[in-house]
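Participant: I am sharing work-v1.cif, which consists of mmCIF, C-alpha atoms (C1' of nucleotides):
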data_upload
loop_
_atom_site.label_atom_id
_atom_site.label_comp_id
_atom_site.auth_asym_id
_atom_site.auth_seq_id
_atom_site.Cartn_x
_atom_site.Cartn_y
_atom_site.Cartn_z
CA MET A 82 87.75 5.00 59.19
CA LYS A 83 87.49 7.22 56.18
CA SER A 84 83.96 7.59 54.90
CA PHE A 85 83.40 5.77 51.66
CA ASP A 86 80.15 5.46 49.78
CA LEU A 87 79.87 3.17 46.82
CA ALA A 88 77.11 5.38 45.47
CA ASP A 89 79.56 8.22 44.97
CA TYR A 90 82.37 6.09 43.60
CA LEU A 91 82.91 6.71 39.93
CA PRO A 92 84.02 3.19 38.94
CA TYR A 93 80.98 1.72 40.62
CA ARG A 94 78.62 4.21 39.09
CA LEU A 95 79.89 3.49 35.63
CA ALA A 96 79.73 -0.24 36.17
CA ALA A 97 76.19 -0.10 37.49
CA LEU A 98 74.93 2.02 34.62
CA SER A 99 76.76 0.00 32.02
CA GLU A 100 75.52 -3.29 33.38
CA ARG A 101 71.97 -2.09 33.50
CA ILE A 102 72.14 -1.02 29.89
CA SER A 103 73.92 -4.17 28.76
CA ARG A 104 71.43 -6.45 30.42
CA ARG A 105 68.54 -4.66 28.84
CA LEU A 106 70.23 -4.78 25.48
CA ALA A 107 70.92 -8.48 25.91
CA LEU A 108 67.18 -9.07 25.82
CA GLU A 109 67.09 -7.69 22.29
CA TYR A 110 69.45 -10.26 20.83
CA GLY A 111 68.91 -12.92 23.48
CA GLN A 112 65.17 -13.39 23.54
CA SER A 113 64.62 -12.97 19.84
CA HIS A 114 67.54 -14.98 18.47
CA GLY A 115 69.02 -16.81 21.43
CA LEU A 116 72.37 -15.11 21.19
CA SER A 117 74.86 -14.32 23.91
CA MET A 118 76.68 -11.02 24.08
CA ALA A 119 79.80 -12.61 22.64
CA GLU A 120 77.85 -14.03 19.72
CA TRP A 121 76.17 -10.72 19.09
CA ARG A 122 79.47 -8.88 19.01
CA VAL A 123 80.99 -11.42 16.67
CA LEU A 124 78.10 -11.09 14.28
CA VAL A 125 78.40 -7.32 14.36
CA HIS A 126 82.02 -7.47 13.44
CA LEU A 127 81.25 -9.82 10.59
CA SER A 128 78.72 -7.36 9.24
CA ARG A 129 81.62 -5.15 8.25
CA HIS A 130 84.47 -7.59 7.72
CA SER A 131 84.57 -10.86 5.85
CA GLU A 132 86.99 -13.77 5.99
CA VAL A 133 88.29 -12.70 9.36
CA SER A 134 90.24 -14.71 11.92
CA VAL A 135 89.38 -15.35 15.54
CA GLY A 136 92.22 -13.15 16.64
CA GLU A 137 91.06 -10.20 14.62
CA ILE A 138 87.58 -10.51 16.03
CA CYS A 139 89.07 -10.57 19.51
CA THR A 140 90.90 -7.31 19.22
CA TYR A 141 87.95 -5.67 17.59
CA VAL A 142 85.14 -6.77 19.86
CA ASN A 143 87.21 -6.72 23.02
CA LEU A 144 86.70 -10.30 24.17
CA GLU A 145 89.12 -13.07 25.19
CA LYS A 146 90.12 -15.61 22.61
CA PRO A 147 88.43 -18.68 24.10
CA ARG A 148 85.22 -16.78 24.34
CA VAL A 149 85.27 -15.75 20.72
CA SER A 150 86.31 -19.22 19.65
CA ARG A 151 83.34 -20.75 21.42
CA ALA A 152 80.99 -18.05 20.20
CA VAL A 153 82.02 -18.76 16.62
CA ALA A 154 81.55 -22.47 17.17
CA ARG A 155 78.01 -21.92 18.39
CA LEU A 156 77.23 -19.53 15.57
CA GLU A 157 78.52 -22.07 13.10
CA SER A 158 76.39 -24.87 14.42
CA ALA A 159 73.45 -22.48 14.37
CA GLY A 160 74.19 -21.91 10.69
CA LEU A 161 74.81 -18.19 11.04
CA VAL A 162 78.46 -18.20 10.02
CA ASN A 163 80.84 -20.20 7.87
CA LYS A 164 84.29 -21.17 9.04
CA TYR A 165 87.02 -22.23 6.62
CA ASN A 166 90.75 -22.49 6.81
CA ALA A 167 92.48 -19.41 5.53
CA LYS A 168 93.99 -19.94 2.11
CA ASP A 169 97.47 -18.61 2.71
CA ASP A 170 98.02 -19.23 6.40
CA HIS A 171 96.61 -22.50 7.67
CA ARG A 172 96.85 -21.48 11.29
CA LEU A 173 94.20 -18.85 10.73
CA VAL A 174 90.56 -19.37 10.18
CA ALA A 175 88.30 -17.44 7.81
CA ILE A 176 84.92 -16.62 9.26
CA SER A 177 82.04 -15.11 7.31
CA LEU A 178 78.33 -14.57 7.60
CA THR A 179 75.98 -17.01 5.94
CA ASP A 180 72.83 -15.73 4.28
CA LYS A 181 70.93 -16.85 7.32
CA GLY A 182 73.35 -14.95 9.51
CA THR A 183 72.96 -11.87 7.38
CA ASP A 184 69.21 -12.01 7.72
CA ALA A 185 69.32 -12.53 11.45
CA LEU A 186 71.80 -9.72 11.87
CA LYS A 187 69.63 -7.33 9.94
CA GLU A 188 66.84 -7.81 12.43
CA ILE A 189 69.06 -7.62 15.46
CA ILE A 190 70.82 -4.50 14.30
CA ALA A 191 67.50 -2.80 13.74
CA ALA A 192 66.44 -3.68 17.26
CA ALA A 193 69.78 -2.59 18.71
CA LEU A 194 69.66 0.73 16.93
CA ALA A 195 66.10 1.32 18.04
CA TYR A 196 67.12 0.63 21.59
CA GLU A 197 70.09 2.96 21.37
CA LYS A 198 67.81 5.62 19.99
CA ARG A 199 65.61 5.37 23.04
CA LEU A 200 68.64 5.95 25.21
CA THR A 201 70.11 8.81 23.25
CA ALA A 202 66.74 10.48 22.85
CA ALA A 203 67.10 11.48 26.47
CA LEU A 204 70.39 13.18 25.72
CA THR A 205 71.04 16.39 23.89
CA PRO A 206 73.60 16.31 21.08
CA LYS A 207 75.83 18.32 23.37
CA ASP A 208 75.40 15.69 26.10
CA MET A 209 76.48 13.00 23.72
CA GLU A 210 79.49 14.97 22.64
CA ARG A 211 80.49 15.61 26.23
CA LEU A 212 80.03 12.00 27.21
CA LEU A 213 82.39 10.83 24.50
CA GLU A 214 84.83 13.55 25.43
CA ILE A 215 84.78 12.49 29.07
CA ALA A 216 85.16 8.85 28.13
CA GLU A 217 88.14 9.77 26.05
CA LYS A 218 89.73 11.56 28.99
CA LEU A 219 89.26 8.54 31.22
CA HIS A 220 90.70 6.24 28.60
CA GLY A 221 93.63 8.62 28.44
CA VAL A 222 94.40 8.05 32.11
CA LEU A 223 94.31 4.30 31.65
CA ASP A 224 96.46 4.51 28.56
CA LYS A 225 99.25 5.96 30.68
CA ASP A 226 98.84 3.30 33.35
CA PRO A 227 101.00 0.25 32.67
CA LEU A 228 98.87 -1.89 34.97
CA SER A 229 95.77 -1.18 32.98
CA MET A 230 94.68 -3.48 30.21
CA PRO A 231 95.38 -2.12 26.73
CA ARG A 232 92.75 0.11 25.26
CA PRO A 233 90.45 -1.83 22.93
CA GLU A 234 91.59 -1.23 19.37
CA ILE A 235 88.11 -0.22 18.45
CA ASP A 236 87.96 2.50 21.05
CA ARG A 237 90.92 4.51 19.88
CA ASN A 238 89.94 8.17 19.54
CA MET B 185 72.65 -4.19 5.27
CA LYS B 186 72.57 -1.15 7.49
CA SER B 187 76.01 -0.01 8.52
CA PHE B 188 76.70 -0.71 12.15
CA ASP B 189 79.91 -0.03 13.99
CA LEU B 190 80.41 -1.29 17.51
CA ALA B 191 82.84 1.56 18.05
CA ASP B 192 80.05 4.09 17.76
CA TYR B 193 77.50 2.15 19.72
CA LEU B 194 76.80 3.75 23.06
CA PRO B 195 76.11 0.59 25.08
CA TYR B 196 79.33 -0.96 23.86
CA ARG B 197 81.35 2.16 24.54
CA LEU B 198 80.10 2.36 28.08
CA ALA B 199 80.73 -1.33 28.67
CA ALA B 200 84.25 -1.15 27.30
CA LEU B 201 85.18 1.86 29.39
CA SER B 202 83.58 0.51 32.50
CA GLU B 203 85.22 -2.87 32.16
CA ARG B 204 88.61 -1.35 31.62
CA ILE B 205 88.25 0.73 34.75
CA SER B 206 86.84 -2.14 36.79
CA ARG B 207 89.64 -4.48 35.83
CA ARG B 208 92.25 -1.99 36.76
CA LEU B 209 90.54 -1.28 40.03
CA ALA B 210 90.31 -5.00 40.75
CA LEU B 211 94.08 -5.08 40.92
CA GLU B 212 93.96 -2.72 43.87
CA TYR B 213 91.90 -4.99 46.08
CA GLY B 214 92.81 -8.23 44.34
CA GLN B 215 96.58 -8.24 44.34
CA SER B 216 97.01 -6.66 47.74
CA HIS B 217 94.34 -8.52 49.69
CA GLY B 218 93.14 -11.32 47.46
CA LEU B 219 89.61 -10.03 47.25
CA SER B 220 87.07 -10.38 44.46
CA MET B 221 84.86 -7.55 43.36
CA ALA B 222 81.94 -9.00 45.29
CA GLU B 223 84.01 -9.23 48.45
CA TRP B 224 85.26 -5.70 48.00
CA ARG B 225 81.76 -4.34 47.62
CA VAL B 226 80.53 -6.21 50.65
CA LEU B 227 83.33 -4.82 52.77
CA VAL B 228 82.58 -1.34 51.55
CA HIS B 229 78.98 -1.64 52.56
CA LEU B 230 80.00 -2.90 55.96
CA SER B 231 82.17 0.13 56.46
CA ARG B 232 79.02 2.17 56.82
CA HIS B 233 76.47 -0.32 58.11
CA SER B 234 76.76 -2.87 60.88
CA GLU B 235 74.71 -5.95 61.69
CA VAL B 236 73.33 -6.11 58.18
CA SER B 237 71.69 -9.02 56.40
CA VAL B 238 72.68 -10.60 53.11
CA GLY B 239 69.59 -9.21 51.47
CA GLU B 240 70.34 -5.67 52.50
CA ILE B 241 73.85 -5.95 51.15
CA CYS B 242 72.44 -7.25 47.90
CA THR B 243 70.23 -4.31 47.22
CA TYR B 244 72.92 -1.91 48.21
CA VAL B 245 75.87 -3.29 46.30
CA ASN B 246 73.86 -4.46 43.32
CA LEU B 247 74.80 -8.13 43.32
CA GLU B 248 72.77 -11.33 43.26
CA LYS B 249 72.08 -13.08 46.52
CA PRO B 250 74.16 -16.22 45.97
CA ARG B 251 77.10 -14.08 45.08
CA VAL B 252 76.86 -12.03 48.24
CA SER B 253 76.26 -15.12 50.33
CA ARG B 254 79.43 -16.71 49.01
CA ALA B 255 81.40 -13.52 49.30
CA VAL B 256 80.42 -13.23 52.95
CA ALA B 257 81.37 -16.86 53.53
CA ARG B 258 84.83 -16.28 52.10
CA LEU B 259 85.24 -13.08 54.05
CA GLU B 260 84.24 -14.88 57.20
CA SER B 261 86.73 -17.69 56.73
CA ALA B 262 89.35 -15.05 56.00
CA GLY B 263 88.50 -13.50 59.34
CA LEU B 264 87.43 -10.17 57.92
CA VAL B 265 83.79 -10.31 58.97
CA ASN B 266 81.64 -11.84 61.68
CA LYS B 267 78.35 -13.52 60.96
CA TYR B 268 75.73 -14.10 63.65
CA ASN B 269 72.06 -14.85 63.62
CA ALA B 270 69.96 -11.75 63.94
CA LYS B 271 68.50 -11.41 67.41
CA ASP B 272 64.89 -10.76 66.51
CA ASP B 273 64.47 -12.59 63.21
CA HIS B 274 66.33 -15.85 62.98
CA ARG B 275 66.01 -16.05 59.22
CA LEU B 276 68.27 -13.07 58.88
CA VAL B 277 71.95 -12.94 59.46
CA ALA B 278 73.90 -10.11 61.07
CA ILE B 279 77.17 -9.35 59.38
CA SER B 280 79.81 -6.99 60.70
CA LEU B 281 83.43 -6.14 60.18
CA THR B 282 86.04 -7.65 62.44
CA ASP B 283 88.97 -5.57 63.57
CA LYS B 284 91.05 -7.32 60.97
CA GLY B 285 88.45 -6.48 58.36
CA THR B 286 88.42 -2.87 59.45
CA ASP B 287 92.17 -2.66 59.08
CA ALA B 288 92.18 -4.29 55.67
CA LEU B 289 89.39 -2.08 54.50
CA LYS B 290 91.22 1.05 55.59
CA GLU B 291 94.08 0.17 53.28
CA ILE B 292 91.89 -0.83 50.40
CA ILE B 293 89.74 2.25 50.61
CA ALA B 294 92.82 4.43 50.56
CA ALA B 295 94.04 2.67 47.43
CA ALA B 296 90.62 2.86 45.82
CA LEU B 297 90.29 6.56 46.52
CA ALA B 298 93.77 7.22 45.22
CA TYR B 299 92.90 5.38 42.06
CA GLU B 300 89.67 7.28 41.64
CA LYS B 301 91.58 10.48 42.13
CA ARG B 302 93.83 9.60 39.23
CA LEU B 303 90.79 9.16 37.07
CA THR B 304 88.95 12.27 38.12
CA ALA B 305 92.08 14.37 37.94
CA ALA B 306 91.68 14.19 34.18
CA LEU B 307 88.19 15.63 34.48
CA THR B 308 87.11 19.14 35.31
CA PRO B 309 84.52 19.56 38.06
CA LYS B 310 82.12 20.52 35.32
CA ASP B 311 82.91 17.29 33.48
CA MET B 312 82.11 15.31 36.56
CA GLU B 313 78.89 17.13 37.08
CA ARG B 314 77.85 16.55 33.49
CA LEU B 315 78.77 12.90 33.60
CA LEU B 316 76.53 12.31 36.58
CA GLU B 317 73.80 14.31 34.92
CA ILE B 318 74.03 12.23 31.77
CA ALA B 319 74.09 9.00 33.75
CA GLU B 320 70.97 10.14 35.52
CA LYS B 321 69.24 10.78 32.21
CA LEU B 322 70.12 7.32 30.95
CA HIS B 323 68.90 5.72 34.17
CA GLY B 324 65.72 7.67 33.65
CA VAL B 325 65.11 5.96 30.34
CA LEU B 326 65.64 2.55 31.89
CA ASP B 327 63.41 3.40 34.82
CA LYS B 328 60.51 3.79 32.43
CA ASP B 329 61.30 0.53 30.66
CA PRO B 330 59.51 -2.41 32.24
CA LEU B 331 61.93 -4.85 30.64
CA SER B 332 64.89 -3.21 32.28
CA MET B 333 66.19 -4.43 35.60
CA PRO B 334 65.26 -2.19 38.52
CA ARG B 335 67.60 0.67 39.21
CA PRO B 336 70.05 -0.20 41.97
CA GLU B 337 68.80 1.28 45.22
CA ILE B 338 72.10 2.90 45.74
CA ASP B 339 71.99 4.73 42.46
CA ARG B 340 68.84 6.69 43.06
CA ASN B 341 70.21 10.12 42.43
"C1'" DT C 193 45.96 -22.48 67.56
"C1'" DC C 194 47.19 -24.22 63.42
"C1'" DA C 195 47.57 -24.48 58.63
"C1'" DA C 196 48.98 -21.90 54.60
"C1'" DT C 197 51.85 -18.52 52.70
"C1'" DA C 198 55.88 -15.59 52.57
"C1'" DT C 199 60.63 -14.42 53.33
"C1'" DC C 200 65.50 -15.27 54.10
"C1'" DA C 201 70.01 -17.48 53.39
"C1'" DT C 202 72.16 -21.30 51.56
"C1'" DT C 203 73.00 -24.91 48.44
"C1'" DT C 204 72.43 -27.56 44.18
"C1'" DC C 205 73.04 -27.93 39.47
"C1'" DG C 206 74.10 -26.94 34.93
"C1'" DT C 207 76.40 -23.38 32.34
"C1'" DT C 208 79.91 -19.98 31.45
"C1'" DT C 209 84.28 -18.09 32.25
"C1'" DG C 210 89.27 -17.34 31.62
"C1'" DC C 211 93.93 -19.03 32.38
"C1'" DA C 212 97.04 -22.14 30.94
"C1'" DA C 213 98.36 -26.01 28.22
"C1'" DC C 214 98.21 -28.02 23.83
"C1'" DG C 215 98.85 -29.32 18.90
"C1'" DA C 216 99.18 -27.42 14.37
"C1'" DA C 217 101.20 -24.33 11.21
"C1'" DC C 218 104.36 -20.62 10.12
"C1'" DG C 219 108.98 -17.89 9.89
"C1'" DA C 220 113.74 -17.35 10.66
"C1'" DA C 221 118.33 -18.95 11.00
"C1'" DA C 222 121.77 -22.21 10.32
"C1'" DT D 101 116.38 -29.22 5.15
"C1'" DT D 102 116.19 -29.04 9.93
"C1'" DT D 103 115.63 -26.80 14.10
"C1'" DC D 104 114.04 -23.39 17.16
"C1'" DG D 105 110.94 -20.02 18.53
"C1'" DT D 106 106.47 -17.80 17.53
"C1'" DT D 107 101.72 -17.37 16.45
"C1'" DC D 108 97.45 -19.48 15.54
"C1'" DG D 109 92.80 -21.64 17.35
"C1'" DT D 110 91.08 -24.96 20.46
"C1'" DT D 111 90.44 -27.46 24.68
"C1'" DG D 112 91.13 -29.03 29.81
"C1'" DC D 113 90.23 -27.63 33.96
"C1'" DA D 114 89.00 -25.34 38.03
"C1'" DA D 115 86.59 -21.45 39.60
"C1'" DA D 116 82.59 -18.41 39.31
"C1'" DC D 117 78.10 -17.60 38.00
"C1'" DG D 118 72.94 -17.35 38.40
"C1'" DA D 119 68.28 -19.55 38.35
"C1'" DA D 120 65.83 -22.50 40.86
"C1'" DA D 121 65.32 -25.73 44.69
"C1'" DT D 122 65.83 -26.33 49.67
"C1'" DG D 123 65.38 -25.73 54.53
"C1'" DA D 124 64.55 -22.83 58.23
"C1'" DT D 125 62.00 -19.25 60.28
"C1'" DA D 126 58.04 -15.62 60.31
"C1'" DT D 127 53.73 -14.02 59.34
"C1'" DT D 128 49.13 -14.21 58.03
"C1'" DG D 129 44.42 -15.73 58.21
"C1'" DA D 130 40.96 -18.88 59.41
#
If you took the structure in this file and wrote it as C-alpha cells, what would it be?
Facilitator:
Amino acid sequence: MKSFDLADYLPYRLAALSERISRRLALEYGQSHGLSMAEWRVLVHLSRHSEVSVGEICTYVNLEKPRVSRAVARLESAGLVNKYNAKDDHRLVAISLTDKGTDALKEIIAAALAYEKRLTAALTPKDMERLLEIAEKLHGVLDKDPLSMPRPEIDRN
Amino acid sequence: MKSFDLADYLPYRLAALSERISRRLALEYGQSHGLSMAEWRVLVHLSRHSEVSVGEICTYVNLEKPRVSRAVARLESAGLVNKYNAKDDHRLVAISLTDKGTDALKEIIAAALAYEKRLTAALTPKDMERLLEIAEKLHGVLDKDPLSMPRPEIDRN
DNA sequence: TCAATATCATTTCGTTTGCAACGAACGAAA
DNA sequence: TTTCGTTCGTTGCAAACGAAATGATATTGA
C-alpha cells in the first residue's frame, strides 16, 4: 500500500484552512446579526448591485440557486431586503437592500474587514501577492478540466 | 457605505478555491466507489492506523463525531472496514480495513495522488513551499484567537 | 466498595442542503 | 396567434448535517 498522509495532501490542507477561517468569520455575521453564510454573501453582493435577480446573485456569490432563493426569503422577512418583480421581465425578481439592511451591512462589513486585517497582518505584501498568484495557477488547472465545476465568475483573474 | 468586494476578500477566495478543488476531487472517490468525503477521509486514516477508535479518527481527519460514526457504519455495511469492541476499553471501538477496503483504497489513493499531481504540476517547488508557509502563518493567527476552532491535530506544521 | 463523575459511540431531533420537478413568464418560429 | 422550447424562481423531497441527549463503560474519590 502506497503511503498516503492526509496532512500532506494539498486539497485537504486547503480545505482545513479554509474551513477554519470560514467558521471563525461566520461568528462575525452569525452571532451579531443572526445571518448564515449565504445571507451574508447575498447582502455583500447587494452592497454593490441593486435590483438584481436571484440568478445574478448566484453566479456572483458562488452558491446554488435554491440556497440563494431561501437566503433572500429569510432576509426579506427579516426586513433587510426588498423583493419586487422586475419591470421588464416578470420571470426575474429585483432584490435590493432596505435601509435597515444597509445599516446592518455597514456593521458587518466593518467587522469582516477587521477580521481580514488580522489575518493579512500576518502576511507580507509579497506573501499576499504570491498567494493570489498560486491560487490563480490552481484555478488554471481546473479551468482546463472538463469535470471540474466552472470557475466562479467573481474569481476570474 | 464602504466598498466591499467579495472577489477581493481573502476568506472568500480561499473558500471558493478550496471548494472547487474538493468538489472535483470528490468525483474521484465518489463516482468510482460511491464514497462521501467523510468516508474517504476515514479510509485514508485507516491506511496508516489500525484498530483505531471513532474519536481518534475525528481528531485526525477533522470531522465531527456523528459524521465519522455514520461514515464508519456505511463503510462497514459496504464491507470495507471491520468494527470490533476494543479489548481493554469497551467504550471504544476498534476499526480496521478489510481486504476489500485495502483494495479499494489502493485504487482511490492512486487516483487522488494523480489528481494532486495535476494540481501541483502547475506550481513550482518554491510555490508549494510558500503556500505551506503562508498557510502556516494564517493558522498562527487563528491559533491565538480564542474564538477560533482548535487547529486540526493533523495540521500542526 | 460504592456512588459520583467522566468519557466514548451512537442516536435523536430539528435544520439545512441540493437535486429534480414544477409553474410562470419569455422568445422564437410557424 | 399559437405552439414549442427555454429560462426564471420556488418548492418537494430525501439525504446529510451537527448539537444535544442517551446509554454503556471507566475512572475517580470517599
Participant: Got a sec to align chain A on chain B by every in-order Cα pair and hand back the fitted coordinates as a short mmCIF file (atom, residue, chain, number, x, y, z; two decimals) with C-alpha atoms, in the frame of the given file?
Facilitator:
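Output file superposed_32.cif is given in full below:
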data_model
loop_
_atom_site.label_atom_id
_atom_site.label_comp_id
_atom_site.auth_asym_id
_atom_site.auth_seq_id
_atom_site.Cartn_x
_atom_site.Cartn_y
_atom_site.Cartn_z
CA MET A 82 72.52 -4.25 5.33
CA LYS A 83 72.46 -1.22 7.53
CA SER A 84 75.90 -0.05 8.56
CA PHE A 85 76.62 -0.74 12.19
CA ASP A 86 79.85 -0.07 14.00
CA LEU A 87 80.36 -1.32 17.51
CA ALA A 88 82.81 1.51 18.07
CA ASP A 89 80.03 4.05 17.75
CA TYR A 90 77.47 2.11 19.76
CA LEU A 91 76.80 3.73 23.08
CA PRO A 92 76.12 0.56 25.10
CA TYR A 93 79.34 -0.96 23.88
CA ARG A 94 81.35 2.14 24.54
CA LEU A 95 80.12 2.34 28.08
CA ALA A 96 80.75 -1.33 28.68
CA ALA A 97 84.26 -1.17 27.31
CA LEU A 98 85.21 1.85 29.38
CA SER A 99 83.60 0.50 32.51
CA GLU A 100 85.25 -2.87 32.17
CA ARG A 101 88.63 -1.34 31.62
CA ILE A 102 88.27 0.73 34.74
CA SER A 103 86.87 -2.12 36.80
CA ARG A 104 89.65 -4.48 35.85
CA ARG A 105 92.27 -1.96 36.76
CA LEU A 106 90.56 -1.27 40.04
CA ALA A 107 90.33 -4.98 40.75
CA LEU A 108 94.11 -5.06 40.93
CA GLU A 109 93.97 -2.69 43.88
CA TYR A 110 91.92 -4.97 46.10
CA GLY A 111 92.83 -8.21 44.36
CA GLN A 112 96.60 -8.22 44.36
CA SER A 113 97.03 -6.65 47.75
CA HIS A 114 94.36 -8.49 49.72
CA GLY A 115 93.16 -11.29 47.48
CA LEU A 116 89.62 -10.02 47.27
CA SER A 117 87.10 -10.39 44.49
CA MET A 118 84.89 -7.54 43.38
CA ALA A 119 81.97 -8.99 45.30
CA GLU A 120 84.03 -9.22 48.46
CA TRP A 121 85.28 -5.69 48.04
CA ARG A 122 81.78 -4.33 47.63
CA VAL A 123 80.54 -6.21 50.66
CA LEU A 124 83.33 -4.84 52.78
CA VAL A 125 82.58 -1.33 51.58
CA HIS A 126 78.99 -1.63 52.58
CA LEU A 127 79.99 -2.91 55.98
CA SER A 128 82.18 0.13 56.48
CA ARG A 129 79.02 2.17 56.82
CA HIS A 130 76.48 -0.33 58.12
CA SER A 131 76.75 -2.87 60.89
CA GLU A 132 74.70 -5.96 61.68
CA VAL A 133 73.34 -6.12 58.17
CA SER A 134 71.69 -9.02 56.37
CA VAL A 135 72.68 -10.61 53.09
CA GLY A 136 69.61 -9.20 51.44
CA GLU A 137 70.37 -5.67 52.46
CA ILE A 138 73.88 -5.96 51.14
CA CYS A 139 72.47 -7.24 47.87
CA THR A 140 70.25 -4.29 47.21
CA TYR A 141 72.95 -1.89 48.21
CA VAL A 142 75.91 -3.27 46.31
CA ASN A 143 73.90 -4.43 43.33
CA LEU A 144 74.86 -8.10 43.29
CA GLU A 145 72.82 -11.32 43.20
CA LYS A 146 72.09 -13.07 46.44
CA PRO A 147 74.17 -16.21 45.91
CA ARG A 148 77.13 -14.10 45.04
CA VAL A 149 76.89 -12.05 48.18
CA SER A 150 76.27 -15.13 50.27
CA ARG A 151 79.43 -16.75 48.97
CA ALA A 152 81.41 -13.55 49.28
CA VAL A 153 80.42 -13.27 52.93
CA ALA A 154 81.35 -16.89 53.50
CA ARG A 155 84.81 -16.30 52.10
CA LEU A 156 85.25 -13.10 54.06
CA GLU A 157 84.24 -14.92 57.20
CA SER A 158 86.71 -17.71 56.74
CA ALA A 159 89.34 -15.08 56.01
CA GLY A 160 88.48 -13.52 59.36
CA LEU A 161 87.41 -10.18 57.93
CA VAL A 162 83.78 -10.33 58.98
CA ASN A 163 81.62 -11.86 61.68
CA LYS A 164 78.34 -13.55 60.93
CA TYR A 165 75.72 -14.16 63.61
CA ASN A 166 72.05 -14.92 63.59
CA ALA A 167 69.94 -11.83 63.92
CA LYS A 168 68.45 -11.49 67.38
CA ASP A 169 64.84 -10.83 66.48
CA ASP A 170 64.43 -12.59 63.16
CA HIS A 171 66.25 -15.89 62.90
CA ARG A 172 65.95 -16.04 59.14
CA LEU A 173 68.25 -13.06 58.83
CA VAL A 174 71.91 -12.95 59.43
CA ALA A 175 73.88 -10.14 61.07
CA ILE A 176 77.16 -9.39 59.37
CA SER A 177 79.80 -7.03 60.71
CA LEU A 178 83.42 -6.15 60.20
CA THR A 179 86.03 -7.68 62.46
CA ASP A 180 88.97 -5.59 63.59
CA LYS A 181 91.04 -7.33 60.99
CA GLY A 182 88.44 -6.48 58.38
CA THR A 183 88.42 -2.88 59.48
CA ASP A 184 92.16 -2.66 59.12
CA ALA A 185 92.18 -4.28 55.72
CA LEU A 186 89.38 -2.05 54.53
CA LYS A 187 91.21 1.05 55.61
CA GLU A 188 94.08 0.19 53.32
CA ILE A 189 91.90 -0.81 50.42
CA ILE A 190 89.75 2.28 50.63
CA ALA A 191 92.83 4.46 50.58
CA ALA A 192 94.05 2.70 47.47
CA ALA A 193 90.63 2.89 45.83
CA LEU A 194 90.31 6.58 46.53
CA ALA A 195 93.79 7.23 45.22
CA TYR A 196 92.92 5.39 42.06
CA GLU A 197 89.68 7.30 41.63
CA LYS A 198 91.60 10.51 42.11
CA ARG A 199 93.86 9.63 39.22
CA LEU A 200 90.82 9.16 37.05
CA THR A 201 88.98 12.27 38.09
CA ALA A 202 92.11 14.38 37.90
CA ALA A 203 91.69 14.20 34.15
CA LEU A 204 88.21 15.63 34.43
CA THR A 205 87.14 19.14 35.23
CA PRO A 206 84.57 19.60 37.99
CA LYS A 207 82.14 20.54 35.25
CA ASP A 208 82.94 17.29 33.42
CA MET A 209 82.15 15.32 36.52
CA GLU A 210 78.91 17.15 37.03
CA ARG A 211 77.90 16.55 33.43
CA LEU A 212 78.81 12.90 33.57
CA LEU A 213 76.57 12.32 36.55
CA GLU A 214 73.83 14.32 34.90
CA ILE A 215 74.07 12.23 31.75
CA ALA A 216 74.12 9.02 33.74
CA GLU A 217 71.02 10.16 35.51
CA LYS A 218 69.27 10.77 32.21
CA LEU A 219 70.14 7.30 30.98
CA HIS A 220 68.95 5.74 34.19
CA GLY A 221 65.75 7.68 33.70
CA VAL A 222 65.11 5.95 30.38
CA LEU A 223 65.65 2.55 31.94
CA ASP A 224 63.44 3.42 34.87
CA LYS A 225 60.53 3.81 32.48
CA ASP A 226 61.30 0.55 30.72
CA PRO A 227 59.52 -2.40 32.33
CA LEU A 228 61.93 -4.85 30.73
CA SER A 229 64.89 -3.21 32.35
CA MET A 230 66.21 -4.42 35.66
CA PRO A 231 65.29 -2.18 38.58
CA ARG A 232 67.61 0.69 39.26
CA PRO A 233 70.09 -0.17 42.02
CA GLU A 234 68.83 1.33 45.26
CA ILE A 235 72.14 2.99 45.76
CA ASP A 236 72.00 4.80 42.46
CA ARG A 237 68.80 6.69 43.04
CA ASN A 238 69.32 10.38 42.24
#
Participant: Show me, as a ChimeraX atom specification, every residue of chain C with an atom at most 12 Å from chain B, counting all atoms listed in the file.
Facilitator: /C:199-204
Participant: The PyMOL selection byres ((chain C and resi 222) around 12) on the file shown: which residues, as a PyMOL selection string?
Facilitator: (chain C and resi 220-221) or (chain D and resi 101-104)
Participant: Mind giving me the straight-line distance from C1' of DA115 in chain D to CA of Tyr93 in chain A in Å, one decimal?
Facilitator: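 If I compute the distance from C1' of DA115 in chain D to CA of Tyr93 in chain A, I get 23.9 Å.
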Participant: Do me a favour and pick out the residues of chain D within 12 Å of chain A, using only C-alpha atoms (C1' of nucleotides), as a ChimeraX atom specification.
Facilitator: /D:107-111
Participant: List the spatial neighbours of range 193-204 of chain A as a PyMOL selection string - criterion: any atom at most 7 Å away, all atoms listed in the file, same-chain residues fewer than 3 positions off excluded.
Facilitator: (chain A and resi 109+189-190+208-209) or (chain B and resi 194+321-322+325)
Participant: With C-alpha atoms retained, write the just-selected residues as a tab-separated table (two decimals), in the coordinates of the input.
Facilitator:
chain	number	residue	atom	x	y	z
A	109	GLU	CA	67.09	-7.69	22.29
A	189	ILE	CA	69.06	-7.62	15.46
A	190	ILE	CA	70.82	-4.50	14.30
A	208	ASP	CA	75.40	15.69	26.10
A	209	MET	CA	76.48	13.00	23.72
B	194	LEU	CA	76.80	3.75	23.06
B	321	LYS	CA	69.24	10.78	32.21
B	322	LEU	CA	70.12	7.32	30.95
B	325	VAL	CA	65.11	5.96	30.34
Participant: Set the distance at 12 Å and use only C-alpha atoms (C1' of nucleotides): which residues neighbour Asp283 in chain B once local chain neighbours fewer than 3 positions away are removed? I'd like the list as number ranges by chain.
Facilitator: A: 82; B: 231, 263-266, 280, 286-290
Participant: Could you please tell me, as a PyMOL selection string, which residues of chain B have an atom within 8 Å of chain A when using all atoms listed in the file?
Facilitator: chain B and resi 185-191+193-209+225+228-229+231-232+245-246+286+290+293+300+302-304+306-307+311+314-315+318-319+321-323+325-326+331-333+335-336+338-339
Participant: Convert the output of the PyMOL selection byres ((chain D and resi 112) around 10) on the shown file into explicit residues, formatted as a VMD selection string.
Facilitator: (chain C and resid 212 to 214) or (chain D and resid 111 113 to 114)
Participant: How about saving the chosen residues, C-alpha atoms (C1' of nucleotides) kept, as a short mmCIF file (atom, residue, chain, number, x, y, z; two decimals), keeping the file's coordinate frame?
Facilitator:
data_model
loop_
_atom_site.label_atom_id
_atom_site.label_comp_id
_atom_site.auth_asym_id
_atom_site.auth_seq_id
_atom_site.Cartn_x
_atom_site.Cartn_y
_atom_site.Cartn_z
"C1'" DA C 212 97.04 -22.14 30.94
"C1'" DA C 213 98.36 -26.01 28.22
"C1'" DC C 214 98.21 -28.02 23.83
"C1'" DT D 111 90.44 -27.46 24.68
"C1'" DC D 113 90.23 -27.63 33.96
"C1'" DA D 114 89.00 -25.34 38.03
#
